[in-house]
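For reference, the structure discussed in these notes is given below.
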Amino acid sequence: MDSQQAKRSVEIAGVTISDADECYVIAEIGHNHQGSLERAIELVREAKRCGAHAVKLQKRDNRGLYTREAYERPYENENSYGSTYGAHREALEFGLAEYQELKACCDELGIAFFATAFDFASADFLAGLDMPAYKIASGDLTNTPLLRYVAEIGKPVIFSTGGGTFDDVRRAYDTIVELNDQVAVLQCTAGYPAAWEELDLNVIRTYREFFPGAVVGFSSHDNGIAMAVASYVLGARIVEKHFTSNRALKGTDHVFSLEPQGLAKMVRDLQRTRLALGDGEKKMYPSEVSPVTKMSKKLVATLDLPSGHVIRRDDVALKSPGDGLPAHELDNVVGRTLRHPVVEDTTFTWDHFDELLVSTMTTSSS
């Protein structure tokens, strides 16, 4: 392994994420808890039961994050939790007490807990809780001041790249890595949900090529679990997926989130995929011997043949099971002399034939 490959790892709460390890699954709760601590705790428990490595929330300092106009904008629709956008956001925002309780719950269950920091105040809030990692949302891909601020905290930084150009991604990566070499870059399409033809999973390969020091992953906004497996095959070692208890619940993110059954299946399929890919070396397994022997072919006599007979092609048939000389030895059998007679359907072995005589001719020149 070269030095660049060796750097492609991050550690979150004692778990190493690298090409050699299983895919790290983040259950993105976001605001699917609908402002209820009890629902959030239940989602944490379900995520752990499903096999996720981490759960993630989103943290905003709403008063400081939005302009007065945006904060006070009327926001009355089927997904609204307040009459204005600010009131809606505040209804979904957890404070210190909720975060402390969730952190204690996650510590007890043995699942990592961190959040997306949307602003400086939120980054400070999360730092006060000693979060094991920090997420940067796609909307802040070009927010180099925030990227630099979070990188300086010194914990792993995972950033999504939805809605950005490759130059935006490279700028963000360079900004972080100048201060912090624990970096993960997630391919993401910022559609809610994202269309299949816009997922661009091959960008994962591009990121692996251009950012050899980063763990590469996939933040999945699609409706389903199959693309997570595809991303792993392409080199993603983090998969982030929105998570809910019921996709029909009120809120914009529920519809493309996974319910517990889906999350459990995705984790299972990622684990199976890692095992199934193997190490690239072609092997023959003990489990294959019986079925391959049953189906493969051996060399047998097509008719009764006398001792001293020189084998012709028509004297040999290829028949199952393959418990004798394999078919690829046919050319080495034709032309040999039988030591003793055989009857039709006899399975040939090397003991049936005289040794092949090889004559050596010496040519001298005058």
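By order of appearance in the structure tokens: chains A, B, ..., then residues from 1 within every chain, and ligands from 1 in the order shown.
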
Give me every alpha helix (DSSP H) residue in segment 101-343 of chain A, going by DSSP on the backbone, as a PyMOL selection string.
chain A and resi 101-109+120-128+144-151+166-177+203-210+226-233+260-277+286-295+330-333

So that each row is one residue of segment 176-254 of chain A with an atom at most 12 Å from segment 45-64 of chain A, can you give its shortest atom pair and the distance in Å to one decimal, using only C-alpha atoms, rows by chain and rising number, as a Markdown table?
| residue | atom | partner | partner_atom | distance |
| --- | --- | --- | --- | --- |
| A:Ile238 | CA | A:His53 | CA | 10.0 |
| A:Val239 | CA | A:Ala52 | CA | 9.9 |
| A:Glu240 | CA | A:Lys56 | CA | 9.2 |
| A:Lys241 | CA | A:Val55 | CA | 9.8 |
| A:His242 | CA | A:Lys56 | CA | 9.2 |
| A:Phe243 | CA | A:Ala47 | CA | 8.1 |
| A:Thr244 | CA | A:Ala47 | CA | 9.4 |
| A:Ser245 | CA | A:Glu46 | CA | 8.5 |

Using only C-alpha atoms, the best pick from A:Ala172, A:Leu263, A:Val183, A:Leu234 as closest to Asn202 of chain A would be A:Leu234

Margin query: Neighbouring residues of Thr142 of chain A were defined as those with any atom within 12 Å, considering only C-alpha atoms; residues of the same chain fewer than 3 positions away were excluded. Please report them as a list in words.
Written below: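 Answer for this query is Ile136, Ala137, Ser138, Gly139, Pro145, Leu146, Leu147, Arg148, Phe159, Ser160, Thr161, Gly162, Gly163, Gly164, Thr165, Phe166, Asp167, Asp168, Val169, Arg170, Arg171, Ala172, Tyr173, Asp174, Thr175 and Ile176 of chain A.
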
Next on the checklist: Nearest residue to Leu141 of chain A out of A:Cys188, A:Arg274, A:Val229, A:Leu179, using only C-alpha atoms?
Outcome noted: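 Once distances to Leu141 of chain A are computed over only C-alpha atoms, the minimum belongs to A:Cys188.
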
Practice prompt. Write out as a ChimeraX atom specification all residues of segment 260-344 of chain A that DSSP puts in strand (DSSP E or B) for this structure's backbone.
Written response: /A:298-301,305,310,316-319,326,337-338,342

For the residues selected in the previous step, produce a file with N, CA and C atoms as a JSON list (two decimals), in the first residue's frame.
[["chain", "number", "residue", "atom", "x", "y", "z"],
["A", 298, "LYS", "N", -15.04, -35.63, -18.02],
["A", 298, "LYS", "CA", -13.80, -36.40, -17.98],
["A", 298, "LYS", "C", -13.65, -37.14, -19.30],
["A", 299, "LEU", "N", -12.49, -37.74, -19.51],
["A", 299, "LEU", "CA", -12.22, -38.50, -20.73],
["A", 299, "LEU", "C", -12.55, -39.96, -20.50],
["A", 300, "VAL", "N", -13.40, -40.54, -21.37],
["A", 300, "VAL", "CA", -13.77, -41.97, -21.27],
["A", 300, "VAL", "C", -13.66, -42.61, -22.65],
["A", 301, "ALA", "N", -13.56, -43.95, -22.65],
["A", 301, "ALA", "CA", -13.46, -44.68, -23.91],
["A", 301, "ALA", "C", -14.82, -44.77, -24.59],
["A", 305, "LEU", "N", -11.39, -51.15, -26.47],
["A", 305, "LEU", "CA", -10.11, -50.92, -27.16],
["A", 305, "LEU", "C", -9.07, -51.92, -26.69],
["A", 310, "VAL", "N", -3.30, -47.32, -30.41],
["A", 310, "VAL", "CA", -2.94, -45.90, -30.37],
["A", 310, "VAL", "C", -4.24, -45.08, -30.40],
["A", 316, "VAL", "N", -12.31, -41.29, -27.85],
["A", 316, "VAL", "CA", -12.47, -40.61, -26.56],
["A", 316, "VAL", "C", -13.74, -39.78, -26.55],
["A", 317, "ALA", "N", -14.55, -39.96, -25.49],
["A", 317, "ALA", "CA", -15.75, -39.14, -25.27],
["A", 317, "ALA", "C", -15.57, -38.28, -24.02],
["A", 318, "LEU", "N", -16.32, -37.20, -23.97],
["A", 318, "LEU", "CA", -16.31, -36.31, -22.81],
["A", 318, "LEU", "C", -17.62, -36.50, -22.06],
["A", 319, "LYS", "N", -17.53, -37.02, -20.83],
["A", 319, "LYS", "CA", -18.73, -37.34, -20.08],
["A", 319, "LYS", "C", -18.60, -36.92, -18.61],
["A", 326, "PRO", "N", -9.40, -34.54, -16.87],
["A", 326, "PRO", "CA", -10.28, -33.46, -17.33],
["A", 326, "PRO", "C", -10.22, -33.28, -18.84],
["A", 337, "THR", "N", -0.38, -44.74, -26.44],
["A", 337, "THR", "CA", -0.61, -46.17, -26.63],
["A", 337, "THR", "C", -1.13, -46.79, -25.35],
["A", 338, "LEU", "N", -2.20, -47.60, -25.50],
["A", 338, "LEU", "CA", -2.78, -48.28, -24.34],
["A", 338, "LEU", "C", -1.86, -49.37, -23.82],
["A", 342, "VAL", "N", -9.21, -51.80, -22.63],
["A", 342, "VAL", "CA", -10.25, -51.12, -21.84],
["A", 342, "VAL", "C", -11.58, -51.39, -22.49]]

Could you give me, as JSON lines, every segment 79-187 of chain A residue with an atom at most 8 Å from segment 207-214 of chain A, plus its closest atom pair and distance in Å to one decimal, counting only C-alpha atoms, rows ordered by chain then number?
{"residue": "A:Asp181", "atom": "CA", "partner": "A:Gly213", "partner_atom": "CA", "distance": 7.5}
{"residue": "A:Gln182", "atom": "CA", "partner": "A:Ala214", "partner_atom": "CA", "distance": 7.4}
{"residue": "A:Val183", "atom": "CA", "partner": "A:Ala214", "partner_atom": "CA", "distance": 5.3}
{"residue": "A:Ala184", "atom": "CA", "partner": "A:Ala214", "partner_atom": "CA", "distance": 5.3}
{"residue": "A:Val185", "atom": "CA", "partner": "A:Ala214", "partner_atom": "CA", "distance": 6.6}

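For the atom pair formed by atom CA of Val343 of chain A and atom CA of Glu355 of chain A, the distance is 20.7 Å, given to one decimal.
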
Å distance separating atom CA of Asp315 of chain A from atom CA of Val334 of chain A, one decimal place
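Atom CA of Val334 of chain A lies at a distance of 8.6 Å from atom CA of Asp315 of chain A.
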
From atom CA of Arg339 of chain A to atom CA of Pro306 of chain A the spacing works out at 8.9 Å

(Q) I need the residue nearest Gly14 of chain A from this list: A:Val333, A:Ala123, A:Ile111, A:Val177. Use only C-alpha atoms for the distance. (A)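 Nearest to Gly14 of chain A: A:Ile111.
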
- prompt: Any idea what's packed within 9 Å of Phe256 of chain A, counting only C-alpha atoms, ignoring anything in its chain fewer than 2 positions away? Could you give it as a VMD selection string?
  reply: chain A and resid 192 to 194 221 to 224 242 to 243 247 252 to 254 258
